[in-house]
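Asker: Encoded as structure tokens, here's the structure I'll be asking about.
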Amino acid sequence: MQAYAIVIKDHEVSETGYNNLKVSSEKFKNSFKIRKFDAVLPKMARTIMSGNGLKWKYPWEGKETDLKTGLIKSAYQTANKNTRIACALSHWLLWHKCFTEDTPLLILEHDALFIEKLEHSVILKSKFDIIGINSPAAATRKAHEFHDKVQASRSLIQPVPTVDEFNVPQGLAGNSAYIIKPAGAKSILDAAREHGLWPNDALMCKQIISNLGVTKTYYTRVQGLPSTTVS
């Protein structure tokens with residue numbers, strides 16, 4: 001397994017978060033090295049998106065129903081559209097790397113922080129193709145309900161819990177930290193082709209992606225840094 005952290009080059013908040021992430025991984029003596037992955041810059045987002053044959057298919061305001069999936073797509077707070085697209089593309093490029101190189105990846109955002117030693121060899125043996133390892137606290141909607149359902153299960157790795165209506169995209173506790181296998185990468189790359197590019201955590205939902213799981217042990221949490229996609 002290779003580990004990558006998405007970092008905005010020379011961005012103070014992003015670089016600081018990455019340094020904190022590295023220190024936390026070393027503290028818990030993780031067996032892998034976290035490599036820096038340069039995030040797609042907003043000014044390059046449209047070019048990279050079109051160059052890979054992708055189209056943005058998510059609303060910038062209000063809500064709309066996706067006719068193919070029946071899911072309600074609710075706009076994210078976003079001042080700069082290209083920033084939101086760039087974030088999704090940064091994840092997309094790593095999904096593509098996972099699939100083409102046929103190797104599982106640990107994908108981290110710069111605001112992730114380790115709070116436990118990651119037993120990735122056990123996780124990789126699970127039946128799930130994409131596995132979230134992040135605490136839901138301050139990382140997802142209905143975090144308390146998400147937490148309660150995960151902790152009520154006896155399974156160490158379990159399907160993503162249902163915490164909302166059937167037509168609301170539901171997935172991991174944010175995309176700050178997850179392990180993805182080549183089969184999972186293929187599934188979400190195919191989804192981006194079929195449904196268009198969405199915010200990465202919305203597209204990676206249980207209604208579209210099968211074999212989506214979460215760990216009962218939270219190995220990471222978010223640092224609470226200022227958002228680099230909202231502003």
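Ligands are numbered from 1 in the order shown, residues from 1 within each chain, and chains are lettered A, B, ... in the order they appear in the structure tokens.
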As a PyMOL selection string, which residues of segment 28-211 of chain A does DSSP assign to alpha helix (DSSP H)?
Answerer: chain A and resi 42-51+81-100+120-124+143-152+182-195+200-203
Asker: Could you pull out the strand (DSSP E or B) residues of segment 16-107 of chain A from DSSP and send them as a PyMOL selection string?
Answerer: chain A and resi 34-38+56+63-65+72-74+105-107
Asker: Give me the residues near Ser187 of chain A as a ChimeraX atom specification, where near means some atom within 9 Å (using only C-alpha atoms) and where sequence neighbours in that chain fewer than 5 positions away do not count.
Answerer: /A:182,192,208-210
Asker: How would the residues just chosen look if you wrote them out with all heavy atoms as a short mmCIF file (atom, residue, chain, number, x, y, z; two decimals), in the first residue's frame?
Answerer:
```
data_model
loop_
_atom_site.label_atom_id
_atom_site.label_comp_id
_atom_site.auth_asym_id
_atom_site.auth_seq_id
_atom_site.Cartn_x
_atom_site.Cartn_y
_atom_site.Cartn_z
N PRO A 182 -7.85 -1.21 -6.08
CA PRO A 182 -8.08 -1.02 -7.52
C PRO A 182 -9.52 -1.24 -7.96
O PRO A 182 -10.03 -0.52 -8.81
CB PRO A 182 -7.13 -2.03 -8.15
CG PRO A 182 -5.99 -2.11 -7.18
CD PRO A 182 -6.63 -2.02 -5.82
N ALA A 192 -17.78 8.42 -12.35
CA ALA A 192 -17.50 9.78 -12.83
C ALA A 192 -17.77 9.90 -14.33
O ALA A 192 -18.22 10.94 -14.81
CB ALA A 192 -16.07 10.16 -12.51
N ILE A 208 -24.18 4.73 -5.09
CA ILE A 208 -23.52 4.60 -6.39
C ILE A 208 -22.37 3.59 -6.34
O ILE A 208 -22.19 2.80 -7.27
CB ILE A 208 -22.98 5.96 -6.86
CG1 ILE A 208 -24.14 6.93 -7.12
CG2 ILE A 208 -22.12 5.82 -8.12
CD1 ILE A 208 -23.71 8.32 -7.51
N ILE A 209 -21.61 3.61 -5.25
CA ILE A 209 -20.42 2.76 -5.13
C ILE A 209 -20.70 1.59 -4.18
O ILE A 209 -21.01 1.80 -3.00
CB ILE A 209 -19.22 3.58 -4.61
CG1 ILE A 209 -19.00 4.84 -5.46
CG2 ILE A 209 -17.97 2.71 -4.57
CD1 ILE A 209 -18.71 4.57 -6.92
N SER A 210 -20.57 0.38 -4.67
CA SER A 210 -20.77 -0.79 -3.81
C SER A 210 -19.49 -1.08 -3.04
O SER A 210 -18.42 -0.55 -3.34
CB SER A 210 -21.16 -2.01 -4.66
OG SER A 210 -20.16 -2.29 -5.62
#
```
Asker: Which of these residues is nearest to Ser121 of chain A, using only C-alpha atoms: A:Lys68, A:Gly196, A:Leu106, A:Val230?
Answerer: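 Of the candidates, the smallest distance to Ser121 of chain A is held by A:Leu106.
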Asker: Can you list, as a list in words, every protein, DNA or RNA residue that comes within 12 Å of Glu194 of chain A when you count only C-alpha atoms, leaving out same-chain residues fewer than 6 positions away?
Answerer: Gly53, Leu54, Lys55, Trp56, Lys57, Asp66, Leu67, Lys68, Thr69, Ser187, Ile188, Leu203 and Ile208 of chain A
Asker: Export, as a PDB file, in the first residue's frame, the selected residues with C-alpha atoms.
Answerer:
```pdb
ATOM      1  CA  GLY A  53     -12.989  13.672 -20.834  1.00  0.00           C
ATOM      2  CA  LEU A  54     -14.894  14.672 -17.689  1.00  0.00           C
ATOM      3  CA  LYS A  55     -17.811  17.081 -17.273  1.00  0.00           C
ATOM      4  CA  TRP A  56     -18.998  18.733 -14.052  1.00  0.00           C
ATOM      5  CA  LYS A  57     -22.562  17.574 -13.347  1.00  0.00           C
ATOM      6  CA  ASP A  66     -30.227  13.335 -10.592  1.00  0.00           C
ATOM      7  CA  LEU A  67     -32.427  11.422 -12.999  1.00  0.00           C
ATOM      8  CA  LYS A  68     -30.106   8.414 -13.346  1.00  0.00           C
ATOM      9  CA  THR A  69     -29.703   7.750  -9.635  1.00  0.00           C
ATOM     10  CA  SER A 187     -16.018   1.673  -9.624  1.00  0.00           C
ATOM     11  CA  ILE A 188     -15.691   5.362  -8.880  1.00  0.00           C
ATOM     12  CA  LEU A 203     -19.880  10.829  -5.739  1.00  0.00           C
ATOM     13  CA  ILE A 208     -23.517   4.595  -6.391  1.00  0.00           C
TER      14      ILE A 208
END
```
